[in-house]
Amino acid sequence: MATAHSSHAHSSLERASQIALVLAHHELWSLVEILDLGRFVPFHLRRSPPPQGGNPELHTPPEHLCAALEELGPTFMKLGQMLSTRDDLLPPSYQRELATLQDAAPTIPFETVRETIAAELGQPLEHAFATFDCVPLAAASIGQAHLATLQDGTAVVVKVRRPGAVEQVDEDLKLLHSLATVASHHSELAKQYDVVGLVQEFDQSLRAELDYLREGHNAERFARNFAGEKMVQIPRVFWETTTSRVLTQERIHGIKVTDLAALQAAGIDRTALSKRGAQIFLKMVFEDGFFHADLHPGNLFIEEGGHIGLIDFGMVGSVDKQTREELGLLLSGVTSQNTDRLVDALLELGATQQPVDRAALCRDLEHVLSQFVDQPLSALPLGPLLTEMFSIVRRHHLVLPSRLTMLLKTTITTEGMAVQLDPSFNLVEALTPYVKRLMLQENSPVAWASRFGKAVPDLLWLATELPLLVRQLVGDLGRGALKIAVQPTGLDSTFNRAERIANRIVLGSIVAAFIIALAVLLSVAHPGGSPVWSGALTIGFVVAAVLGLYLVWSIFRSGRH
């Protein structure tokens, strides 16, 4: 047990060193400092001041971050993909760059694919499939897909998980939890954005994507939800050749939703198609409470007759009662262009570790809404408006619930694809009936009666206990026993820096005292040619020199010399 623990600790240190090296190589020094990884960075990679005027050939910070996450492997690539959907955390330049991680994974060798399928299905690949294309159809951070046919001739797509992906992801997630805790102590910004909570959410989401059995069940749930919709096709799952590491689904043939020329040549009515696509998404959210959270163009295909085929159900979202209420508050403020209602919704939804200036937040939102005040509701562009709102959310350090940001990001993506198909399409017009229905449901007599019924026990407890609590408070005030604890925050980085400075001063004083003592001893004792004295003095001066060099190295390594 102890051996396993020490092995895990050693592996974590190696991985932390690798992360530090990659971040340093890509000049991501702010992350090195926030994560307290500076001690793992080799001296030759220490931070150097940027050249005056900059170098136009250097990559931008978003490109450096994207390259670093790709270099660090599947876990960090998925982290980048998740962050690319968080408008409340990152500006658009970072989101656009991180979104490219969707297609940046290296391929798995075909022999490895063959071995994985044989081990999982208990039979050679040739027995399970009549044909199997050795060239992958697509490669992702968790696995890759191949075209194949079953023994009865059915065309399928087979997804195979990367070998060692679960073990590597598990190791990385444990380390990410530790780094998030460290970051919360070293950075006030990291604490404000609750990076510990963000890592916990990412942990749950990524572990769900690793299990292809769960993805298969997600696909079947969508198939049940759309069983009465003839214009929607969900690929069938073939469970006899599906495990947690191998997923076999019916192949969807069709035109990519972004291939406008092909849609036009096929005689597809793009206006009707845009409305149909929006209705599918709204049905997922408001009727089924279960939506596809990765609706990018690569996951939608348009079949003959305008049928819409959906694939890739690893990333999904649920809309429970609380999320529906949150969405109703937010969208009601947007569609009614009511600033006060919008501020109330954001303050109720947004988690922050510092006070929020309500007046400043209200002014920022009024400025955004004023750009659309003369436009009728049927022409209100929801995507740009939500994007502007997310920028304000970031500026005021509000963090929205992940389930809501996922839903809003999918909403923006859906509107973007629909507008590309039909420039006159407006999602607000399609959304308004759902929002009105939702607000009516939330404010109906039945809903208020339910809320009141849940509050009755608390009101009865307060009515009976409040006099006693007030009496105790007055008594504590009279005796002078009432104490108020004040916990200063935001000073951790200052204290840590002061401690490092004090340590250097002490070390410098010790080195100086050591050298002076040796000099005094040399002048008083006159050791002459005694080998014992010469050896002792030599050792003393070597120790002093080593301590001095270490002090100089630590100062230069900090980058604040």
# chains A, B, ... in the order shown; residues from 1 in each chain; ligands from 1
$ select_by_dssp --residues "stretch 395-442 of chain A" --states "alpha helix (DSSP H)" --output "PDB file with C-alpha atoms, in the first residue's frame"
ATOM      1  CA  ARG A 395     -15.854  41.954 -16.229  1.00  0.00           C
ATOM      2  CA  SER A 402     -22.056  25.389 -15.713  1.00  0.00           C
ATOM      3  CA  ARG A 403     -25.316  23.710 -16.733  1.00  0.00           C
ATOM      4  CA  LEU A 404     -26.712  27.131 -17.707  1.00  0.00           C
ATOM      5  CA  THR A 405     -23.604  28.312 -19.596  1.00  0.00           C
ATOM      6  CA  MET A 406     -23.589  25.017 -21.507  1.00  0.00           C
ATOM      7  CA  LEU A 407     -27.210  25.565 -22.461  1.00  0.00           C
ATOM      8  CA  LEU A 408     -26.703  29.213 -23.460  1.00  0.00           C
ATOM      9  CA  LYS A 409     -23.598  28.350 -25.507  1.00  0.00           C
ATOM     10  CA  THR A 410     -25.583  25.670 -27.351  1.00  0.00           C
ATOM     11  CA  THR A 411     -28.321  28.251 -27.910  1.00  0.00           C
ATOM     12  CA  ILE A 412     -25.827  30.657 -29.501  1.00  0.00           C
ATOM     13  CA  THR A 413     -24.394  27.868 -31.700  1.00  0.00           C
ATOM     14  CA  THR A 414     -27.892  26.817 -32.800  1.00  0.00           C
ATOM     15  CA  GLU A 415     -28.828  30.358 -33.755  1.00  0.00           C
ATOM     16  CA  GLY A 416     -25.552  30.782 -35.664  1.00  0.00           C
ATOM     17  CA  MET A 417     -26.158  27.674 -37.776  1.00  0.00           C
ATOM     18  CA  ALA A 418     -29.800  28.638 -38.398  1.00  0.00           C
ATOM     19  CA  VAL A 419     -28.849  32.152 -39.494  1.00  0.00           C
ATOM     20  CA  GLN A 420     -26.208  30.716 -41.833  1.00  0.00           C
ATOM     21  CA  LEU A 421     -28.944  28.625 -43.466  1.00  0.00           C
ATOM     22  CA  LEU A 427     -34.344  32.616 -32.665  1.00  0.00           C
ATOM     23  CA  VAL A 428     -36.005  35.084 -30.273  1.00  0.00           C
ATOM     24  CA  GLU A 429     -39.205  34.873 -32.293  1.00  0.00           C
ATOM     25  CA  ALA A 430     -39.183  31.064 -32.008  1.00  0.00           C
ATOM     26  CA  LEU A 431     -38.133  31.220 -28.359  1.00  0.00           C
ATOM     27  CA  THR A 432     -40.661  33.774 -27.089  1.00  0.00           C
ATOM     28  CA  PRO A 433     -43.692  31.410 -26.839  1.00  0.00           C
ATOM     29  CA  TYR A 434     -41.626  28.959 -24.769  1.00  0.00           C
ATOM     30  CA  VAL A 435     -40.394  31.719 -22.429  1.00  0.00           C
ATOM     31  CA  LYS A 436     -43.919  33.108 -21.957  1.00  0.00           C
ATOM     32  CA  ARG A 437     -45.242  29.623 -21.239  1.00  0.00           C
ATOM     33  CA  LEU A 438     -42.399  29.030 -18.791  1.00  0.00           C
ATOM     34  CA  MET A 439     -42.997  32.320 -16.937  1.00  0.00           C
ATOM     35  CA  LEU A 440     -46.730  31.595 -16.735  1.00  0.00           C
ATOM     36  CA  GLN A 441     -46.016  28.178 -15.275  1.00  0.00           C
ATOM     37  CA  GLU A 442     -43.581  29.601 -12.726  1.00  0.00           C
TER      38      GLU A 442
END
$ select_by_dssp --residues "stretch 270-504 of chain A" --states "strand (DSSP E)" --output "PyMOL selection string"
chain A and resi 290-292+300-302+308-310+316-318
$ closest_residue --among "A:Val285, A:Leu349, A:Leu295, A:Val41" --to "A:Ser318" --atoms "only C-alpha atoms"
A:Val285
$ closest_residue --among "A:Leu72, A:Leu147, A:Ile311, A:Val156" --to "A:Glu220" --atoms "only C-alpha atoms"
A:Ile311
$ closest_residue --among "A:Leu310, A:Val22, A:Leu179, A:Ala130" --to "A:Ile34" --atoms "only C-alpha atoms"
A:Leu179
$ closest_residue --among "A:Ser274, A:Asn225, A:Asn299, A:Asn338" --to "A:His253" --atoms "only C-alpha atoms"
A:Asn299
$ closest_residue --among "A:Leu189, A:Val542, A:Leu273, A:Val456" --to "A:Leu398" --atoms "only C-alpha atoms"
A:Leu189
$ closest_residue --among "A:Leu210, A:Ala262, A:Met315, A:Cys134" --to "A:Phe301" --atoms "only C-alpha atoms"
A:Ala262
$ atom_distance --atom1 "atom CA of A:Asp357" --atom2 "atom CA of A:Leu369"
18.5 Å
$ residues_around --residues "A:His307" --least-positions-apart "5" --cutoff "6 Å" --atoms "only C-alpha atoms" --output "list in words"
Met231, Val232 and Ile302 of chain A
$ atom_distance --atom1 "atom CA of A:Ala119" --atom2 "atom CA of A:Ile234"
28.0 Å
$ atom_distance --atom1 "atom CA of A:Glu71" --atom2 "atom CA of A:Pro297"
25.6 Å
